[in-house]
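For reference, final-v9.cif (mmCIF, C-alpha atoms and all ligand atoms):
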data_work
#
loop_
_atom_site.group_PDB
_atom_site.id
_atom_site.type_symbol
_atom_site.label_atom_id
_atom_site.label_comp_id
_atom_site.auth_asym_id
_atom_site.auth_seq_id
_atom_site.Cartn_x
_atom_site.Cartn_y
_atom_site.Cartn_z
ATOM 1 C CA MET A 16 0.000 0.000 0.000
ATOM 2 C CA THR A 17 1.323 3.470 -0.845
ATOM 3 C CA ASP A 18 1.731 5.810 2.110
ATOM 4 C CA TRP A 19 -0.295 8.876 1.079
ATOM 5 C CA THR A 20 1.083 10.900 4.018
ATOM 6 C CA ASP A 21 4.612 11.104 2.575
ATOM 7 C CA GLY A 22 5.906 11.107 6.168
ATOM 8 C CA TYR A 23 3.529 13.862 7.313
ATOM 9 C CA VAL A 24 1.638 13.204 10.583
ATOM 10 C CA ALA A 25 -1.909 11.952 10.068
ATOM 11 C CA ASP A 26 -2.432 10.035 13.337
ATOM 12 C CA ILE A 27 -3.881 13.115 14.997
ATOM 13 C CA ASP A 28 -5.682 16.027 13.317
ATOM 14 C CA TYR A 29 -4.293 19.543 13.406
ATOM 15 C CA THR A 30 -5.495 22.455 15.567
ATOM 16 C CA PHE A 31 -8.423 24.765 14.759
ATOM 17 C CA GLY A 32 -6.423 27.988 14.490
ATOM 18 C CA TYR A 33 -7.264 31.142 12.557
ATOM 19 C CA TYR A 34 -4.349 33.193 11.193
ATOM 20 C CA SER A 35 -5.135 36.773 10.286
ATOM 21 C CA GLU A 36 -1.717 37.221 8.620
ATOM 22 C CA LEU A 37 -3.038 35.195 5.677
ATOM 23 C CA ASN A 38 -5.923 37.569 5.064
ATOM 24 C CA PRO A 39 -5.272 39.446 1.800
ATOM 25 C CA LEU A 40 -7.293 42.399 3.131
ATOM 26 C CA ARG A 41 -4.857 42.687 6.039
ATOM 27 C CA LEU A 42 -1.799 42.181 3.845
ATOM 28 C CA ARG A 43 -2.790 45.250 1.868
ATOM 29 C CA LEU A 44 -1.886 47.281 4.962
ATOM 30 C CA ALA A 45 1.544 45.617 5.241
ATOM 31 C CA PHE A 46 2.180 46.436 1.575
ATOM 32 C CA LEU A 47 1.014 50.039 1.899
ATOM 33 C CA ASN A 48 3.269 50.436 4.920
ATOM 34 C CA ARG A 49 6.216 49.553 2.649
ATOM 35 C CA GLY A 50 4.954 51.719 -0.207
ATOM 36 C CA LEU A 51 4.088 48.663 -2.300
ATOM 37 C CA HIS A 52 1.087 48.146 -4.533
ATOM 38 C CA PHE A 53 -1.189 45.267 -3.491
ATOM 39 C CA PRO A 54 -3.228 43.670 -6.292
ATOM 40 C CA GLU A 55 -6.997 43.381 -6.433
ATOM 41 C CA VAL A 56 -7.610 39.805 -5.345
ATOM 42 C CA GLY A 57 -10.291 37.942 -7.302
ATOM 43 C CA THR A 58 -8.886 34.416 -7.036
ATOM 44 C CA ALA A 59 -6.899 33.004 -4.134
ATOM 45 C CA CYS A 60 -5.529 29.657 -3.048
ATOM 46 C CA GLU A 61 -4.366 28.159 0.250
ATOM 47 C CA LEU A 62 -2.042 25.149 0.143
ATOM 48 C CA GLY A 63 -2.238 22.888 3.222
ATOM 49 C CA PHE A 64 -5.226 24.671 4.806
ATOM 50 C CA GLY A 65 -5.427 22.332 7.847
ATOM 51 C CA GLN A 66 -8.901 22.466 9.409
ATOM 52 C CA GLY A 67 -9.693 25.291 6.996
ATOM 53 C CA MET A 68 -10.537 27.967 9.569
ATOM 54 C CA SER A 69 -8.536 30.676 7.792
ATOM 55 C CA VAL A 70 -9.585 29.862 4.232
ATOM 56 C CA ASN A 71 -13.246 29.718 5.248
ATOM 57 C CA LEU A 72 -13.246 32.937 7.252
ATOM 58 C CA HIS A 73 -11.475 34.735 4.426
ATOM 59 C CA ALA A 74 -13.928 33.357 1.880
ATOM 60 C CA ALA A 75 -16.962 34.236 4.012
ATOM 61 C CA ALA A 76 -15.793 37.803 4.606
ATOM 62 C CA SER A 77 -15.015 38.744 1.003
ATOM 63 C CA ILE A 78 -16.044 38.172 -2.598
ATOM 64 C CA VAL A 79 -12.748 36.413 -3.365
ATOM 65 C CA GLN A 80 -13.063 32.994 -5.005
ATOM 66 C CA TRP A 81 -10.959 30.709 -2.821
ATOM 67 C CA PHE A 82 -9.446 27.338 -3.692
ATOM 68 C CA GLY A 83 -7.326 25.084 -1.533
ATOM 69 C CA THR A 84 -6.053 21.634 -0.765
ATOM 70 C CA ASP A 85 -5.091 19.564 2.260
ATOM 71 C CA PHE A 86 -4.439 15.876 1.745
ATOM 72 C CA ASN A 87 -5.787 14.873 5.165
ATOM 73 C CA PRO A 88 -9.383 13.833 4.401
ATOM 74 C CA ALA A 89 -10.525 14.555 7.979
ATOM 75 C CA HIS A 90 -9.287 18.142 7.618
ATOM 76 C CA THR A 91 -10.908 18.590 4.230
ATOM 77 C CA GLN A 92 -14.215 17.149 5.383
ATOM 78 C CA PHE A 93 -14.353 19.601 8.303
ATOM 79 C CA ALA A 94 -13.293 22.506 6.083
ATOM 80 C CA ARG A 95 -15.989 21.630 3.541
ATOM 81 C CA GLN A 96 -18.616 21.540 6.295
ATOM 82 C CA LEU A 97 -17.586 25.051 7.305
ATOM 83 C CA ALA A 98 -17.818 26.175 3.676
ATOM 84 C CA ALA A 99 -21.284 24.660 3.369
ATOM 85 C CA VAL A 100 -22.676 26.326 6.499
ATOM 86 C CA SER A 101 -21.133 29.675 5.598
ATOM 87 C CA GLY A 102 -22.636 29.452 2.117
ATOM 88 C CA THR A 103 -19.472 30.241 0.155
ATOM 89 C CA ASN A 104 -18.511 28.581 -3.115
ATOM 90 C CA THR A 105 -15.020 27.761 -1.848
ATOM 91 C CA GLU A 106 -13.403 24.852 -3.725
ATOM 92 C CA LEU A 107 -11.579 22.633 -1.241
ATOM 93 C CA PHE A 108 -9.818 19.408 -2.207
ATOM 94 C CA ASP A 109 -8.225 16.538 -0.278
ATOM 95 C CA GLN A 110 -5.416 16.116 -2.787
ATOM 96 C CA SER A 111 -1.676 16.059 -2.203
ATOM 97 C CA PHE A 112 0.290 19.056 -3.450
ATOM 98 C CA ALA A 113 1.537 16.930 -6.372
ATOM 99 C CA GLU A 114 -2.043 16.023 -7.384
ATOM 100 C CA PHE A 115 -3.603 19.434 -6.802
ATOM 101 C CA CYS A 116 -0.820 21.424 -8.447
ATOM 102 C CA SER A 117 -1.073 19.389 -11.636
ATOM 103 C CA ARG A 118 -4.820 19.981 -12.053
ATOM 104 C CA THR A 119 -5.673 21.613 -15.352
ATOM 105 C CA ASP A 120 -8.990 23.139 -14.234
ATOM 106 C CA LEU A 121 -7.652 25.740 -11.802
ATOM 107 C CA PRO A 122 -7.671 29.466 -12.597
ATOM 108 C CA ASN A 123 -4.584 31.620 -12.260
ATOM 109 C CA PHE A 124 -4.336 33.223 -8.833
ATOM 110 C CA ASP A 125 -3.820 36.772 -7.569
ATOM 111 C CA TYR A 126 -2.826 35.433 -4.169
ATOM 112 C CA ILE A 127 -1.452 32.104 -2.904
ATOM 113 C CA ALA A 128 -0.863 31.365 0.793
ATOM 114 C CA LEU A 129 0.883 28.619 2.700
ATOM 115 C CA HIS A 130 1.060 28.772 6.466
ATOM 116 C CA GLY A 131 2.957 26.204 8.526
ATOM 117 C CA VAL A 132 3.758 24.075 5.507
ATOM 118 C CA TRP A 133 7.068 25.077 3.893
ATOM 119 C CA SER A 134 9.381 23.732 6.667
ATOM 120 C CA TRP A 135 7.480 20.472 7.180
ATOM 121 C CA ILE A 136 7.538 18.988 3.682
ATOM 122 C CA SER A 137 10.162 17.303 1.517
ATOM 123 C CA ASP A 138 12.449 19.009 -1.005
ATOM 124 C CA GLU A 139 10.343 17.314 -3.717
ATOM 125 C CA ASN A 140 7.145 18.896 -2.386
ATOM 126 C CA ARG A 141 8.818 22.299 -2.106
ATOM 127 C CA ALA A 142 9.784 21.913 -5.781
ATOM 128 C CA VAL A 143 6.167 21.034 -6.683
ATOM 129 C CA ILE A 144 4.987 24.192 -4.917
ATOM 130 C CA VAL A 145 7.606 26.429 -6.532
ATOM 131 C CA ASP A 146 6.595 25.093 -9.951
ATOM 132 C CA PHE A 147 2.920 25.770 -9.103
ATOM 133 C CA LEU A 148 3.744 29.334 -8.033
ATOM 134 C CA GLN A 149 5.717 29.880 -11.208
ATOM 135 C CA ARG A 150 2.826 28.684 -13.421
ATOM 136 C CA LYS A 151 -0.283 29.749 -11.513
ATOM 137 C CA LEU A 152 0.508 33.088 -9.839
ATOM 138 C CA LYS A 153 -0.502 36.026 -11.993
ATOM 139 C CA ALA A 154 2.044 38.711 -12.774
ATOM 140 C CA GLY A 155 1.806 41.212 -9.913
ATOM 141 C CA GLY A 156 0.372 38.494 -7.653
ATOM 142 C CA VAL A 157 1.389 37.881 -4.062
ATOM 143 C CA VAL A 158 2.526 34.776 -2.194
ATOM 144 C CA TYR A 159 2.412 34.505 1.586
ATOM 145 C CA VAL A 160 4.720 31.908 3.079
ATOM 146 C CA SER A 161 5.433 31.340 6.765
ATOM 147 C CA TYR A 162 8.065 28.913 7.954
ATOM 148 C CA ASN A 163 10.452 28.005 10.719
ATOM 149 C CA THR A 164 13.644 29.813 9.975
ATOM 150 C CA GLN A 165 17.201 30.123 11.219
ATOM 151 C CA PRO A 166 18.783 31.356 13.386
ATOM 152 C CA GLY A 167 15.670 31.266 15.583
ATOM 153 C CA TRP A 168 15.250 27.494 15.361
ATOM 154 C CA ALA A 169 18.939 26.520 15.055
ATOM 155 C CA ALA A 170 19.439 25.642 18.738
ATOM 156 C CA MET A 171 16.236 23.603 18.771
ATOM 157 C CA MET A 172 17.256 21.339 15.883
ATOM 158 C CA PRO A 173 19.156 18.757 17.993
ATOM 159 C CA MET A 174 16.280 18.707 20.487
ATOM 160 C CA ARG A 175 13.744 18.086 17.745
ATOM 161 C CA ASP A 176 15.880 15.213 16.417
ATOM 162 C CA LEU A 177 16.128 13.781 19.924
ATOM 163 C CA LEU A 178 12.340 13.886 20.394
ATOM 164 C CA ALA A 179 11.612 12.368 16.981
ATOM 165 C CA ASP A 180 14.336 9.698 17.286
ATOM 166 C CA HIS A 181 13.160 8.719 20.757
ATOM 167 C CA ALA A 182 9.626 8.216 19.439
ATOM 168 C CA ASP A 183 10.910 6.179 16.464
ATOM 169 C CA ILE A 184 13.354 4.003 18.370
ATOM 170 C CA MET A 185 11.838 3.638 21.827
ATOM 171 C CA GLY A 186 8.155 3.990 20.957
ATOM 172 C CA SER A 187 5.868 1.488 19.286
ATOM 173 C CA GLN A 188 2.957 2.031 16.904
ATOM 174 C CA GLY A 189 0.545 0.518 19.432
ATOM 175 C CA GLN A 190 1.568 3.108 22.024
ATOM 176 C CA GLY A 191 -0.103 5.899 20.060
ATOM 177 C CA ILE A 192 1.507 9.131 18.942
ATOM 178 C CA VAL A 193 0.444 11.221 21.959
ATOM 179 C CA SER A 194 1.985 8.804 24.419
ATOM 180 C CA ARG A 195 5.136 8.547 22.267
ATOM 181 C CA PHE A 196 5.442 12.329 22.345
ATOM 182 C CA ASP A 197 5.040 12.455 26.128
ATOM 183 C CA SER A 198 7.665 9.725 26.627
ATOM 184 C CA ALA A 199 10.092 11.548 24.340
ATOM 185 C CA LEU A 200 9.541 14.813 26.215
ATOM 186 C CA GLN A 201 10.088 13.101 29.558
ATOM 187 C CA PHE A 202 13.345 11.593 28.261
ATOM 188 C CA ALA A 203 14.508 14.996 27.009
ATOM 189 C CA GLU A 204 13.811 16.547 30.409
ATOM 190 C CA GLN A 205 15.785 13.805 32.152
ATOM 191 C CA LEU A 206 18.648 14.413 29.768
ATOM 192 C CA LEU A 207 18.651 18.168 30.372
ATOM 193 C CA ALA A 208 18.553 17.563 34.128
ATOM 194 C CA THR A 209 22.103 16.181 33.777
ATOM 195 C CA LYS A 210 23.139 19.714 32.630
ATOM 196 C CA PRO A 211 24.837 18.740 29.367
ATOM 197 C CA ASN A 212 27.053 21.303 27.605
ATOM 198 C CA TYR A 213 24.289 21.651 25.029
ATOM 199 C CA SER A 214 21.890 23.250 27.531
ATOM 200 C CA ARG A 215 24.665 25.375 29.033
ATOM 201 C CA ASP A 216 25.544 26.679 25.558
ATOM 202 C CA ASN A 217 21.861 27.137 24.710
ATOM 203 C CA PRO A 218 20.279 28.351 27.957
ATOM 204 C CA LEU A 219 16.876 28.991 26.356
ATOM 205 C CA ILE A 220 16.383 25.326 25.486
ATOM 206 C CA PRO A 221 15.183 24.089 28.916
ATOM 207 C CA GLU A 222 12.759 27.029 28.999
ATOM 208 C CA ARG A 223 11.548 26.200 25.507
ATOM 209 C CA LEU A 224 11.043 22.574 26.460
ATOM 210 C CA GLU A 225 9.021 23.616 29.501
ATOM 211 C CA LYS A 226 6.848 25.829 27.299
ATOM 212 C CA LEU A 227 6.004 22.863 25.059
ATOM 213 C CA LYS A 228 3.830 21.517 27.854
ATOM 214 C CA GLY A 229 1.486 24.468 27.396
ATOM 215 C CA HIS A 230 0.703 23.437 23.810
ATOM 216 C CA SER A 231 -1.858 20.896 22.649
ATOM 217 C CA HIS A 232 -0.687 17.523 21.362
ATOM 218 C CA ARG A 233 -2.316 18.361 18.026
ATOM 219 C CA TYR A 234 0.140 21.238 17.644
ATOM 220 C CA LEU A 235 3.184 19.492 19.135
ATOM 221 C CA VAL A 236 2.945 16.336 17.065
ATOM 222 C CA HIS A 237 2.485 18.268 13.803
ATOM 223 C CA GLU A 238 5.318 20.636 14.722
ATOM 224 C CA TYR A 239 7.933 18.063 15.772
ATOM 225 C CA PHE A 240 7.028 14.591 14.519
ATOM 226 C CA ASN A 241 6.883 14.900 10.757
ATOM 227 C CA ARG A 242 9.511 13.037 8.771
ATOM 228 C CA ASN A 243 10.510 16.366 7.279
ATOM 229 C CA TRP A 244 11.327 19.333 9.487
ATOM 230 C CA GLN A 245 13.663 21.836 7.965
ATOM 231 C CA PRO A 246 14.069 25.337 9.383
ATOM 232 C CA LEU A 247 15.300 27.101 6.251
ATOM 233 C CA SER A 248 17.310 30.285 6.277
ATOM 234 C CA PHE A 249 15.708 33.338 4.707
ATOM 235 C CA SER A 250 18.299 33.301 1.897
ATOM 236 C CA ARG A 251 17.615 29.636 1.093
ATOM 237 C CA THR A 252 13.865 30.251 0.952
ATOM 238 C CA ALA A 253 14.319 33.386 -1.126
ATOM 239 C CA GLY A 254 16.666 31.440 -3.436
ATOM 240 C CA LEU A 255 14.159 28.624 -3.950
ATOM 241 C CA LEU A 256 11.307 31.046 -4.587
ATOM 242 C CA SER A 257 13.329 33.105 -7.042
ATOM 243 C CA ALA A 258 12.841 30.218 -9.508
ATOM 244 C CA ALA A 259 9.175 31.256 -9.563
ATOM 245 C CA LYS A 260 10.249 34.869 -10.300
ATOM 246 C CA LEU A 261 9.424 35.928 -6.742
ATOM 247 C CA ASN A 262 11.077 38.634 -4.689
ATOM 248 C CA PHE A 263 10.741 39.424 -0.991
ATOM 249 C CA ALA A 264 8.159 42.159 -0.493
ATOM 250 C CA CYS A 265 7.663 42.654 3.258
ATOM 251 C CA SER A 266 6.983 40.986 6.573
ATOM 252 C CA ALA A 267 3.408 39.964 7.263
ATOM 253 C CA GLN A 268 3.772 40.868 10.913
ATOM 254 C CA LYS A 269 1.957 43.977 12.122
ATOM 255 C CA PRO A 270 3.652 46.847 10.286
ATOM 256 C CA CYS A 271 3.900 48.930 13.446
ATOM 257 C CA ARG A 272 5.629 46.183 15.406
ATOM 258 C CA ILE A 273 9.331 46.862 15.637
ATOM 259 C CA PHE A 274 10.312 43.593 17.240
ATOM 260 C CA VAL A 275 9.359 40.518 15.229
ATOM 261 C CA PRO A 276 9.919 36.990 16.552
ATOM 262 C CA ILE A 277 12.690 35.456 14.499
ATOM 263 C CA ASN A 278 11.687 31.879 15.082
ATOM 264 C CA ARG A 279 8.478 32.220 13.066
ATOM 265 C CA PHE A 280 9.560 34.711 10.464
ATOM 266 C CA ALA A 281 6.701 35.301 8.111
ATOM 267 C CA VAL A 282 7.422 36.815 4.753
ATOM 268 C CA ILE A 283 5.334 37.783 1.845
ATOM 269 C CA ILE A 284 6.884 37.330 -1.508
ATOM 270 C CA GLY A 285 5.547 39.421 -4.332
ATOM 271 C CA SER A 286 6.102 38.733 -8.002
ATOM 272 C CA LYS A 287 8.718 40.629 -9.992
ATOM 273 C CA ALA A 288 6.065 42.780 -11.542
ATOM 274 C CA LEU A 289 5.585 44.519 -8.202
ATOM 275 C CA SER A 290 6.947 48.003 -8.161
ATOM 276 C CA ASP A 291 7.666 50.349 -5.293
HETATM 277 C C1 LIG B 301 1.023 22.473 10.237
HETATM 278 S S1 LIG B 301 -0.417 22.202 9.289
HETATM 279 C C2 LIG B 301 -0.911 23.879 8.929
HETATM 280 C C3 LIG B 301 -2.375 23.961 8.573
HETATM 281 C C4 LIG B 301 -2.917 25.358 8.294
HETATM 282 N N1 LIG B 301 -2.202 26.014 7.222
HETATM 283 C C5 LIG B 301 -2.835 26.182 9.564
HETATM 284 O O1 LIG B 301 -1.928 27.002 9.674
HETATM 285 O O2 LIG B 301 -3.689 25.957 10.438
HETATM 286 C C6 LIG B 301 0.168 21.660 7.660
HETATM 287 C C7 LIG B 301 -0.961 21.084 6.813
HETATM 288 O O3 LIG B 301 -0.425 20.714 5.529
HETATM 289 C C8 LIG B 301 -1.020 19.495 5.117
HETATM 290 N N2 LIG B 301 -0.060 18.842 4.215
HETATM 291 C C9 LIG B 301 1.195 18.423 4.522
HETATM 292 N N3 LIG B 301 1.791 17.860 3.460
HETATM 293 C C10 LIG B 301 0.891 17.913 2.444
HETATM 294 C C11 LIG B 301 0.914 17.485 1.090
HETATM 295 N N4 LIG B 301 1.998 16.883 0.572
HETATM 296 N N5 LIG B 301 -0.167 17.703 0.320
HETATM 297 C C12 LIG B 301 -1.266 18.336 0.846
HETATM 298 N N6 LIG B 301 -1.365 18.738 2.130
HETATM 299 C C13 LIG B 301 -0.288 18.549 2.920
HETATM 300 C C14 LIG B 301 -1.267 18.718 6.411
HETATM 301 O O4 LIG B 301 -2.289 17.766 6.311
HETATM 302 C C15 LIG B 301 -1.585 19.823 7.407
HETATM 303 O O5 LIG B 301 -2.960 20.026 7.554
#

Can you dump the structure from the file as structure tokens?
Ligand SMILES: C[S@@+](CC[C@H](N)C(=O)[O-])C[C@H]1O[C@@H](n2cnc3c(N)ncnc32)[C@H](O)[C@@H]1O
Amino acid sequence: MTDWTDGYVADIDYTFGYYSELNPLRLRLAFLNRGLHFPEVGTACELGFGQGMSVNLHAAASIVQWFGTDFNPAHTQFARQLAAVSGTNTELFDQSFAEFCSRTDLPNFDYIALHGVWSWISDENRAVIVDFLQRKLKAGGVVYVSYNTQPGWAAMMPMRDLLADHADIMGSQGQGIVSRFDSALQFAEQLLATKPNYSRDNPLIPERLEKLKGHSHRYLVHEYFNRNWQPLSFSRTAGLLSAAKLNFACSAQKPCRIFVPINRFAVIIGSKALSD
């Protein structure tokens, strides 16, 4: 049997979060703040929409025609229910990026968003997405991409490997993914209690580990237990996206905020046709 998940977690569904940064109406403000023109958005697409809270709220609160895909059928079913009750004509699919991006019946898009996806997929899937952006984003269109970046996540990389390896090696399928995560976390805490050089050199790590306990397992498992987890530097991401003729436009964080968290650096990439 082929594994449709491609190493992405499907044992537990994702959280029900709404992310206003993805809203094209809000992004207009970020663009104006930088003196950039934001296009009129008639068609938009969200790749990996999760439970579909954002795509549905954005569709319900505008006249934009939204499309999207998320290969987890439980996610897509919930997202479609939301679309049905809100009465929008949003087109949501449960296809993989490879399947969805090769469809021939999609329009070209003014705006394409991917939130919490870029760092958690394989190089092959990133290439599929870049090709899609290159073919399907209109000239002057905008792409929103958020990802785990470096240096913010650099110190956490060995810890993530430890957690994932512990679950793989010491856990069993029958144990369930939540219990495997808890066991891995407990092991990591025991390890840090021995005060290894790693935690002395990276004093924020024990604090970060402690904070994990405040998150839901839905979030934690999707954040740390995918086969692929690659915090990419800004320059690497910008380099990959340049193949789709995309340039960095501005941060999607609140324009008035001077301090932006570097571990979740959100960028909007606008096409080359954008002018100052
Ligand atoms: C971390 S979640 C983010 C969900 C949503 N964007 C949000 O921020 O709430 C990543 C989503 O991408 C989907 N996904 C991962 N790999 C995929 C693939 N190859 N094709 C389609 N969907 C994929 C997962 O099912 C998951 O719902």

message: Please enumerate the residues selected by the PyMOL selection byres (((not hetatm)) within 7 of (chain B and resi 301)) when evaluated against the supplied file, formatted as an MDAnalysis selection string.
response: chainID A and resid 20:21 23 25 29:34 62:67 84:87 90 110:113 129:132 136 140 237:238

Could you write out the selected residues, including C-alpha atoms, as a PDB file, in the frame of the given file?
ATOM      1  CA  THR A  20       1.083  10.900   4.018  1.00  0.00           C
ATOM      2  CA  ASP A  21       4.612  11.104   2.575  1.00  0.00           C
ATOM      3  CA  TYR A  23       3.529  13.862   7.313  1.00  0.00           C
ATOM      4  CA  ALA A  25      -1.909  11.952  10.068  1.00  0.00           C
ATOM      5  CA  TYR A  29      -4.293  19.543  13.406  1.00  0.00           C
ATOM      6  CA  THR A  30      -5.495  22.455  15.567  1.00  0.00           C
ATOM      7  CA  PHE A  31      -8.423  24.765  14.759  1.00  0.00           C
ATOM      8  CA  GLY A  32      -6.423  27.988  14.490  1.00  0.00           C
ATOM      9  CA  TYR A  33      -7.264  31.142  12.557  1.00  0.00           C
ATOM     10  CA  TYR A  34      -4.349  33.193  11.193  1.00  0.00           C
ATOM     11  CA  LEU A  62      -2.042  25.149   0.143  1.00  0.00           C
ATOM     12  CA  GLY A  63      -2.238  22.888   3.222  1.00  0.00           C
ATOM     13  CA  PHE A  64      -5.226  24.671   4.806  1.00  0.00           C
ATOM     14  CA  GLY A  65      -5.427  22.332   7.847  1.00  0.00           C
ATOM     15  CA  GLN A  66      -8.901  22.466   9.409  1.00  0.00           C
ATOM     16  CA  GLY A  67      -9.693  25.291   6.996  1.00  0.00           C
ATOM     17  CA  THR A  84      -6.053  21.634  -0.765  1.00  0.00           C
ATOM     18  CA  ASP A  85      -5.091  19.564   2.260  1.00  0.00           C
ATOM     19  CA  PHE A  86      -4.439  15.876   1.745  1.00  0.00           C
ATOM     20  CA  ASN A  87      -5.787  14.873   5.165  1.00  0.00           C
ATOM     21  CA  HIS A  90      -9.287  18.142   7.618  1.00  0.00           C
ATOM     22  CA  GLN A 110      -5.416  16.116  -2.787  1.00  0.00           C
ATOM     23  CA  SER A 111      -1.676  16.059  -2.203  1.00  0.00           C
ATOM     24  CA  PHE A 112       0.290  19.056  -3.450  1.00  0.00           C
ATOM     25  CA  ALA A 113       1.537  16.930  -6.372  1.00  0.00           C
ATOM     26  CA  LEU A 129       0.883  28.619   2.700  1.00  0.00           C
ATOM     27  CA  HIS A 130       1.060  28.772   6.466  1.00  0.00           C
ATOM     28  CA  GLY A 131       2.957  26.204   8.526  1.00  0.00           C
ATOM     29  CA  VAL A 132       3.758  24.075   5.507  1.00  0.00           C
ATOM     30  CA  ILE A 136       7.538  18.988   3.682  1.00  0.00           C
ATOM     31  CA  ASN A 140       7.145  18.896  -2.386  1.00  0.00           C
ATOM     32  CA  HIS A 237       2.485  18.268  13.803  1.00  0.00           C
ATOM     33  CA  GLU A 238       5.318  20.636  14.722  1.00  0.00           C
TER      34      GLU A 238
END

query: Got a sec to resolve the PyMOL selection byres (((chain A and resi 247) around 12) and not hetatm) on this structure and send the residues as a PyMOL selection string?
result: chain A and resi 132-136+138+141+161-169+172+243-246+248-255+278-280

field: Residues within 10 Å of (-9.4, 21.4, -10.4), counting all atoms listed in the file, listed as a PyMOL selection string
entry: chain A and resi 82-83+106-108+114-122

field: Chain and number of each residue from the PyMOL selection byres (((chain A and resi 203) around 9) and not hetatm), as a ChimeraX atom specification
entry: /A:174,177-178,181,198-202,204-208,224

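Among the candidate residues A:Asp176, A:Gly102, A:Thr58, A:Asp28, the one lying nearest to Leu72 of chain A is A:Gly102, with distances computed using only C-alpha atoms.
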